[in-house]
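Dropping start.cif in here (mmCIF, C-alpha atoms):
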```cif
data_final
#
loop_
_atom_site.label_atom_id
_atom_site.label_comp_id
_atom_site.auth_asym_id
_atom_site.auth_seq_id
_atom_site.Cartn_x
_atom_site.Cartn_y
_atom_site.Cartn_z
CA MET F 8 -51.96 -13.26 6.44
CA PRO F 9 -51.87 -16.75 4.86
CA SER F 10 -49.67 -15.39 2.08
CA LYS F 11 -47.11 -14.17 4.63
CA ARG F 12 -47.03 -17.57 6.29
CA ARG F 13 -46.50 -19.24 2.93
CA LEU F 14 -43.65 -16.81 2.24
CA ARG F 15 -41.99 -17.67 5.53
CA TRP F 16 -42.28 -21.39 4.80
CA ALA F 17 -40.73 -20.78 1.38
CA VAL F 18 -37.82 -18.77 2.80
CA LEU F 19 -37.03 -21.24 5.60
CA PRO F 20 -35.77 -24.08 3.35
CA ILE F 21 -33.65 -21.61 1.39
CA GLY F 22 -32.04 -20.35 4.61
CA ILE F 23 -31.38 -23.89 5.84
CA ALA F 24 -29.90 -24.93 2.49
CA THR F 25 -27.65 -21.85 2.51
CA ALA F 26 -26.43 -22.58 6.04
CA VAL F 27 -25.69 -26.22 5.16
CA ALA F 28 -23.83 -25.19 2.01
CA LEU F 29 -21.70 -22.67 3.91
CA ALA F 30 -20.97 -25.18 6.67
CA GLY F 31 -19.47 -27.51 4.08
CA CYS F 32 -17.14 -24.83 2.69
CA THR F 33 -13.41 -24.96 3.33
CA PRO F 34 -11.67 -21.92 4.91
CA THR F 35 -10.31 -21.11 1.46
CA GLU F 36 -13.82 -20.98 0.01
CA LEU F 37 -15.23 -19.05 2.97
CA HIS F 38 -12.53 -16.42 2.46
CA GLY F 39 -13.27 -15.98 -1.23
CA TYR F 40 -10.22 -17.96 -2.43
CA LEU F 41 -7.95 -15.16 -1.24
CA PRO F 42 -4.36 -15.97 -0.25
CA GLY F 43 -3.31 -15.68 3.36
CA PHE F 44 -5.20 -18.63 4.85
CA VAL F 45 -4.43 -22.30 5.40
CA GLU F 46 -6.78 -25.28 5.73
CA ASP F 47 -7.40 -24.73 9.43
CA GLY F 48 -8.38 -21.11 8.71
CA THR F 49 -5.44 -19.48 10.50
CA PRO F 50 -4.81 -16.06 8.90
CA ALA F 51 -1.34 -14.74 8.10
CA THR F 52 -1.80 -11.58 10.22
CA ASN F 53 -4.26 -10.15 12.72
CA ARG F 54 -5.71 -7.98 9.92
CA THR F 55 -6.06 -10.57 7.16
CA ASP F 56 -9.49 -11.77 8.32
CA MET F 57 -10.81 -8.21 8.24
CA VAL F 58 -9.72 -7.61 4.65
CA ALA F 59 -11.10 -10.96 3.53
CA GLY F 60 -14.39 -10.30 5.30
CA LEU F 61 -14.84 -6.98 3.52
CA TRP F 62 -14.07 -8.64 0.19
CA VAL F 63 -16.39 -11.63 0.64
CA ASN F 64 -19.33 -9.71 2.11
CA SER F 65 -19.10 -7.11 -0.66
CA TRP F 66 -19.32 -9.84 -3.27
CA ILE F 67 -22.31 -11.45 -1.49
CA VAL F 68 -24.20 -8.14 -1.54
CA LEU F 69 -23.25 -7.47 -5.17
CA LEU F 70 -24.28 -10.94 -6.29
CA ALA F 71 -27.62 -10.58 -4.46
CA VAL F 72 -28.21 -7.27 -6.23
CA GLY F 73 -27.19 -8.89 -9.51
CA LEU F 74 -29.60 -11.81 -9.04
CA VAL F 75 -32.48 -9.44 -8.29
CA THR F 76 -31.59 -7.24 -11.26
CA TRP F 77 -31.19 -10.15 -13.67
CA GLY F 78 -34.41 -11.68 -12.37
CA LEU F 79 -36.37 -8.47 -12.94
CA MET F 80 -34.89 -8.10 -16.40
CA GLY F 81 -35.85 -11.67 -17.29
CA TRP F 82 -39.34 -11.25 -15.84
CA ALA F 83 -39.89 -8.00 -17.78
CA ALA F 84 -38.65 -9.59 -21.00
CA ILE F 85 -41.10 -12.49 -20.60
CA ALA F 86 -44.11 -10.71 -19.11
CA TYR F 87 -44.07 -7.83 -21.56
CA ARG F 88 -42.98 -9.65 -24.68
CA ARG F 89 -44.90 -9.06 -27.89
CA ARG F 90 -47.64 -11.63 -28.21
CA LYS F 91 -48.80 -13.19 -31.41
CA GLY F 92 -51.12 -10.88 -33.28
CA GLN F 93 -50.03 -7.73 -31.43
CA VAL F 94 -49.10 -4.73 -33.56
CA GLY F 95 -47.91 -1.23 -32.90
CA LEU F 96 -46.13 0.10 -29.85
CA PRO F 97 -47.09 -0.89 -26.32
CA VAL F 98 -48.54 1.65 -23.92
CA GLN F 99 -45.88 4.25 -23.16
CA LEU F 100 -45.33 5.46 -19.60
CA ARG F 101 -43.73 8.82 -18.91
CA TYR F 102 -42.67 7.89 -15.40
CA ASN F 103 -43.35 5.54 -12.49
CA MET F 104 -42.62 7.31 -9.22
CA PRO F 105 -42.32 4.22 -6.94
CA ILE F 106 -39.87 2.52 -9.31
CA GLU F 107 -37.85 5.70 -9.80
CA ILE F 108 -37.60 6.18 -6.03
CA PHE F 109 -36.59 2.52 -5.67
CA TYR F 110 -33.74 2.60 -8.19
CA THR F 111 -32.49 5.90 -6.75
CA ILE F 112 -32.62 5.05 -3.05
CA VAL F 113 -31.34 1.46 -3.19
CA PRO F 114 -28.09 2.27 -5.06
CA LEU F 115 -27.57 5.21 -2.69
CA ILE F 116 -27.95 2.91 0.32
CA LEU F 117 -25.50 0.43 -1.22
CA VAL F 118 -22.89 3.10 -1.94
CA ILE F 119 -23.19 4.57 1.56
CA GLY F 120 -22.97 1.08 3.07
CA PHE F 121 -19.87 0.11 1.09
CA PHE F 122 -18.25 3.42 2.00
CA ALA F 123 -19.06 3.07 5.70
CA PHE F 124 -17.68 -0.47 6.04
CA THR F 125 -14.60 0.37 3.95
CA ALA F 126 -13.89 3.53 5.97
CA ARG F 127 -14.32 1.59 9.23
CA ASP F 128 -11.87 -1.15 8.21
CA GLN F 129 -9.42 1.31 6.66
CA THR F 130 -9.32 3.31 9.89
CA ILE F 131 -8.42 0.17 11.82
CA LEU F 132 -5.84 -0.92 9.23
CA GLU F 133 -4.20 2.51 9.19
CA THR F 134 -4.04 2.85 12.98
CA GLN F 135 -0.37 2.66 13.89
CA THR F 136 0.99 0.90 16.97
CA GLU F 137 2.66 3.46 19.22
CA ASP F 138 4.88 1.02 21.12
CA PRO F 139 5.47 -2.02 18.86
CA ASP F 140 7.45 -5.07 19.86
CA VAL F 141 9.44 -4.78 16.62
CA SER F 142 10.33 -1.61 14.70
CA ILE F 143 11.61 -2.04 11.13
CA ILE F 144 12.53 0.18 8.20
CA ALA F 145 11.84 -1.20 4.71
CA ILE F 146 13.49 0.75 1.89
CA GLY F 147 12.61 0.29 -1.78
CA LYS F 148 15.21 1.00 -4.47
CA GLN F 149 15.57 0.22 -8.15
CA TRP F 150 15.18 -2.74 -8.05
CA ALA F 151 15.57 -4.40 -4.67
CA TRP F 152 14.91 -3.95 -0.96
CA ASP F 153 16.86 -3.01 2.16
CA PHE F 154 15.66 -3.86 5.66
CA GLN F 155 16.77 -2.35 8.96
CA TYR F 156 15.79 -3.76 12.36
CA ASN F 157 15.80 -0.90 14.84
CA GLY F 158 16.92 -1.38 18.41
CA GLU F 159 16.15 0.61 21.53
CA ASP F 160 18.50 3.55 20.88
CA GLU F 161 16.98 6.62 19.23
CA ASP F 162 20.12 7.20 17.16
CA ARG F 163 19.78 3.63 15.78
CA SER F 164 23.33 2.80 16.78
CA ASP F 165 22.17 -0.64 17.91
CA ALA F 166 20.20 -1.31 14.73
CA VAL F 167 21.11 -4.13 12.32
CA TRP F 168 20.35 -4.33 8.63
CA SER F 169 20.50 -6.31 5.41
CA MET F 170 20.91 -4.98 1.86
CA GLY F 171 19.20 -6.82 -0.98
CA VAL F 172 19.69 -7.27 -4.71
CA GLN F 173 17.11 -7.77 -7.41
CA ALA F 174 15.86 -11.24 -8.23
CA GLN F 175 18.43 -13.51 -9.87
CA PRO F 176 17.67 -16.53 -12.12
CA ALA F 177 18.39 -20.01 -10.78
CA ALA F 178 19.88 -22.86 -12.82
CA ASN F 179 16.41 -24.12 -13.77
CA GLY F 180 15.35 -20.68 -14.98
CA ASP F 181 13.19 -19.87 -11.93
CA VAL F 182 13.95 -17.17 -9.41
CA ASP F 183 16.78 -18.01 -7.03
CA GLN F 184 14.91 -17.81 -3.73
CA GLU F 185 18.09 -17.94 -1.67
CA LYS F 186 19.29 -14.61 -3.10
CA LEU F 187 16.06 -12.70 -2.64
CA PRO F 188 15.98 -9.97 0.04
CA THR F 189 14.30 -11.47 3.09
CA LEU F 190 12.47 -9.69 5.87
CA TYR F 191 12.32 -11.60 9.16
CA LEU F 192 9.40 -11.10 11.56
CA PRO F 193 8.66 -12.75 14.91
CA VAL F 194 5.30 -14.49 15.14
CA ASP F 195 2.63 -13.04 17.46
CA LYS F 196 4.63 -9.85 18.04
CA SER F 197 3.37 -6.41 17.05
CA VAL F 198 5.30 -4.96 14.13
CA LYS F 199 5.58 -1.40 12.85
CA ILE F 200 7.28 -0.90 9.49
CA LEU F 201 8.52 2.47 8.27
CA LEU F 202 8.32 2.46 4.46
CA GLN F 203 10.76 4.62 2.47
CA SER F 204 12.04 4.91 -1.09
CA ARG F 205 15.52 5.75 -2.36
CA ASP F 206 14.51 6.86 -5.86
CA VAL F 207 11.04 6.50 -7.43
CA ILE F 208 7.61 5.44 -6.17
CA HIS F 209 7.52 1.80 -5.09
CA SER F 210 4.79 -0.23 -3.37
CA PHE F 211 5.42 -2.70 -0.55
CA TRP F 212 3.14 -5.71 -1.05
CA VAL F 213 3.16 -8.96 0.91
CA ILE F 214 0.59 -10.97 -1.03
CA ASP F 215 -0.68 -13.24 1.75
CA PHE F 216 -1.06 -10.28 4.13
CA LEU F 217 -3.73 -8.83 1.77
CA TYR F 218 -2.37 -5.29 2.08
CA LYS F 219 0.10 -3.00 0.38
CA LYS F 220 1.36 0.52 0.84
CA ASP F 221 3.18 2.93 -1.45
CA MET F 222 6.66 4.30 -0.79
CA TYR F 223 7.68 7.83 -1.76
CA ILE F 224 10.76 10.01 -1.62
CA GLY F 225 10.41 12.62 1.12
CA ARG F 226 7.33 11.06 2.67
CA ASP F 227 7.29 8.28 5.25
CA ASN F 228 4.52 5.69 5.30
CA PHE F 229 3.87 3.27 8.15
CA TRP F 230 2.25 -0.13 8.46
CA SER F 231 1.38 -1.81 11.76
CA PHE F 232 0.20 -5.41 12.18
CA THR F 233 0.91 -8.66 14.01
CA PRO F 234 1.98 -11.77 12.05
CA THR F 235 0.06 -14.74 13.41
CA ARG F 236 1.37 -17.74 11.46
CA GLU F 237 4.91 -18.91 10.86
CA GLY F 238 5.94 -19.45 7.26
CA THR F 239 7.58 -17.88 4.22
CA TYR F 240 5.52 -15.36 2.26
CA ALA F 241 6.17 -13.83 -1.15
CA GLY F 242 6.43 -10.08 -1.56
CA LYS F 243 6.93 -7.76 -4.51
CA CYS F 244 6.78 -4.18 -5.65
CA ALA F 245 3.23 -3.39 -6.80
CA GLU F 246 4.04 -0.07 -8.51
CA LEU F 247 5.59 0.06 -11.99
CA CYS F 248 8.99 1.52 -11.12
CA GLY F 249 11.23 1.01 -14.14
CA GLU F 250 12.87 -1.52 -16.41
CA TYR F 251 13.38 -4.31 -13.87
CA HIS F 252 10.20 -3.78 -11.86
CA SER F 253 9.27 -7.46 -12.27
CA ALA F 254 12.53 -8.48 -10.58
CA MET F 255 11.85 -6.39 -7.46
CA LEU F 256 10.89 -9.37 -5.32
CA PHE F 257 11.43 -10.27 -1.69
CA ASN F 258 10.41 -12.84 0.90
CA VAL F 259 8.98 -12.45 4.38
CA LYS F 260 9.85 -15.14 6.93
CA VAL F 261 7.65 -15.25 10.00
CA VAL F 262 9.58 -17.24 12.61
CA SER F 263 9.66 -17.89 16.32
CA GLU F 264 11.05 -15.18 18.59
CA ALA F 265 14.17 -17.25 19.27
CA GLU F 266 14.85 -17.71 15.55
CA TYR F 267 14.25 -14.01 14.97
CA GLU F 268 16.78 -13.06 17.64
CA ASP F 269 19.28 -15.54 16.17
CA TYR F 270 18.91 -13.87 12.78
CA LEU F 271 19.52 -10.41 14.24
CA GLU F 272 22.60 -11.77 16.00
CA SER F 273 23.91 -13.15 12.71
CA LEU F 274 23.61 -9.67 11.15
CA ARG F 275 25.35 -8.19 14.17
CA SER F 276 28.17 -10.73 13.91
CA ALA F 277 28.59 -9.84 10.23
CA GLY F 278 29.16 -6.20 11.17
CA GLN F 279 25.91 -5.00 9.61
CA THR F 280 25.09 -2.58 12.41
CA GLY F 281 24.14 1.07 12.76
CA ASP F 282 22.05 3.20 10.42
CA ILE F 283 21.73 1.53 7.02
CA ASN F 284 21.62 4.90 5.27
CA ASP F 285 25.14 5.70 6.49
CA GLU F 286 26.39 2.43 5.02
CA TYR F 287 24.47 2.97 1.78
CA ASP F 288 25.94 6.46 1.36
CA ARG F 289 29.42 5.10 2.00
CA LEU F 290 29.17 2.28 -0.54
CA GLY F 291 26.95 3.82 -3.19
CA SER F 292 24.81 1.61 -5.42
CA TYR F 293 24.29 0.83 -9.05
CA PRO F 294 20.58 0.74 -10.03
CA GLY F 295 19.22 -2.76 -9.75
CA THR F 296 22.31 -4.37 -8.26
CA GLY F 297 22.43 -3.06 -4.72
CA ALA F 298 25.33 -1.89 -2.59
CA GLN F 299 26.55 -5.36 -1.67
CA GLU F 300 27.22 -6.34 -5.30
CA ARG F 301 29.26 -3.22 -5.86
CA GLU F 302 31.25 -3.90 -2.73
CA GLU F 303 31.96 -7.43 -3.91
CA GLY F 304 33.00 -6.08 -7.31
CA ASP F 305 35.43 -3.62 -5.75
#
```
Would you mind writing the file's structure down as structure tokens?
Amino acid sequence: MPSKRRLRWAVLPIGIATAVALAGCTPTELHGYLPGFVEDGTPATNRTDMVAGLWVNSWIVLLAVGLVTWGLMGWAAIAYRRRKGQVGLPVQLRYNMPIEIFYTIVPLILVIGFFAFTARDQTILETQTEDPDVSIIAIGKQWAWDFQYNGEDEDRSDAVWSMGVQAQPAANGDVDQEKLPTLYLPVDKSVKILLQSRDVIHSFWVIDFLYKKDMYIGRDNFWSFTPTREGTYAGKCAELCGEYHSAMLFNVKVVSEAEYEDYLESLRSAGQTGDINDEYDRLGSYPGTGAQEREEGD
């Protein structure tokens, strides 16, 4: 009994020290230095916290296992080292049933635990919103992006769209941000994106959203979420898709609802209405340049 009390008194300071250390951490540190968070801790989407939590908690468990493992290895190396004057081999053991059960059961519990939490979060992340506030089609092509903002009509006659071109160099040698394809999203509104490809496999990745999904020919993928913080976020293709894969960049602008509606109206005023695929088929496209560049060239 006294030994248990001493153990509790030894653990208590460690727990207090850990709590104090965590309380002094910034939101960036608490979220494992992942992108998608600002100093006040506001996530980029309603799912970003979940992904970060899975990442950070997994690392905490793995580091705890590592510390125990390294500690046991160090203890065994010291406790069973060859002493001065010892000769020959130490006593050989054929097996140790408690230890063998321990190093079989514990890894099994860890694997099942990681799987359970990952499956739980993945199910939530992959659940699609049936009636979103905003419905969008994102189309990957070598090597740029097209975006269509669907309206209320099923035939998409009231939809508006923008066609993008691959990243272009600016005067200083950096990427010209003004010419990148840009996806506009209204803040605090549920979004459902239909992901499609025109040619090869691409992958739609918004870095600060901590999630990406592949795009295939002949198979539609969907992604539902709610952006929760206004700002401009970098996106790119995360699947090697050809010669100019590295130039397949885009931006995501999360704006107020009024600014979002103004942007849709600007596309409507420019005549970029209807189904984008009809316009794409009419114009054609050179790989990596996009339909708009060809139209300008003609």
Counting all atoms listed in the file, which residues come within 9 Å of (13.8, -1.8, -10.3), with the point read in the file's coordinates, and could you list them as a VMD selection string?
chain F and resid 147 to 151 173 209 244 247 to 255 294 to 295
How would you write, as a count of residues only, the residues chosen by the PyMOL selection byres ((chain F and resi 217-225) around 7) on this structure?
20
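If only C-alpha atoms are the atoms counted, then among F:Pro193, F:His38, F:Glu46, F:Leu274 the closest residue to Asp165 (chain F) is F:Leu274.
Proximity of F:Trp168, F:Phe232, F:Phe257, F:Phe121 to Glu272 (chain F), computed with all atoms listed in the file, is greatest for F:Trp168.
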Just checking: using only C-alpha atoms, which residue out of F:Gly73, F:Gly120, F:Gly95, F:Pro50 ends up closest to Glu237 (chain F)?
F:Pro50
Using the chain letters and numbers from this file, what does the PyMOL selection byres ((chain F and resi 188) around 9) select? Give the answer as a CSV table (one decimal) with C-alpha atoms, keeping the file's coordinate frame.
```
chain,number,residue,atom,x,y,z
F,151,ALA,CA,15.6,-4.4,-4.7
F,152,TRP,CA,14.9,-4.0,-1.0
F,153,ASP,CA,16.9,-3.0,2.2
F,154,PHE,CA,15.7,-3.9,5.7
F,169,SER,CA,20.5,-6.3,5.4
F,170,MET,CA,20.9,-5.0,1.9
F,171,GLY,CA,19.2,-6.8,-1.0
F,172,VAL,CA,19.7,-7.3,-4.7
F,173,GLN,CA,17.1,-7.8,-7.4
F,174,ALA,CA,15.9,-11.2,-8.2
F,184,GLN,CA,14.9,-17.8,-3.7
F,185,GLU,CA,18.1,-17.9,-1.7
F,186,LYS,CA,19.3,-14.6,-3.1
F,187,LEU,CA,16.1,-12.7,-2.6
F,189,THR,CA,14.3,-11.5,3.1
F,190,LEU,CA,12.5,-9.7,5.9
F,256,LEU,CA,10.9,-9.4,-5.3
F,257,PHE,CA,11.4,-10.3,-1.7
F,258,ASN,CA,10.4,-12.8,0.9
F,259,VAL,CA,9.0,-12.4,4.4
```
Can you pull out every residue within 12 Å of Tyr270 (chain F), counting only C-alpha atoms, but drop anything in the same chain fewer than 4 positions away, and send it as a short mmCIF file (atom, residue, chain, number, x, y, z; two decimals) with C-alpha atoms, keeping the file's coordinate frame?
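Result written to part.cif:
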```
data_model
loop_
_atom_site.label_atom_id
_atom_site.label_comp_id
_atom_site.auth_asym_id
_atom_site.auth_seq_id
_atom_site.Cartn_x
_atom_site.Cartn_y
_atom_site.Cartn_z
CA TYR F 156 15.79 -3.76 12.36
CA VAL F 167 21.11 -4.13 12.32
CA TRP F 168 20.35 -4.33 8.63
CA SER F 169 20.50 -6.31 5.41
CA THR F 189 14.30 -11.47 3.09
CA LEU F 190 12.47 -9.69 5.87
CA TYR F 191 12.32 -11.60 9.16
CA LEU F 192 9.40 -11.10 11.56
CA PRO F 193 8.66 -12.75 14.91
CA LYS F 260 9.85 -15.14 6.93
CA VAL F 261 7.65 -15.25 10.00
CA VAL F 262 9.58 -17.24 12.61
CA SER F 263 9.66 -17.89 16.32
CA GLU F 264 11.05 -15.18 18.59
CA ALA F 265 14.17 -17.25 19.27
CA GLU F 266 14.85 -17.71 15.55
CA LEU F 274 23.61 -9.67 11.15
CA ARG F 275 25.35 -8.19 14.17
CA SER F 276 28.17 -10.73 13.91
CA ALA F 277 28.59 -9.84 10.23
CA GLN F 279 25.91 -5.00 9.61
#
```
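Computed from the coordinates, the CA of Gly158 (chain F) to CA of Gln129 (chain F) distance equals 29.0 Å.
From CA of Lys199 (chain F) back to CA of Leu37 (chain F), the distance works out to 29.0 Å.
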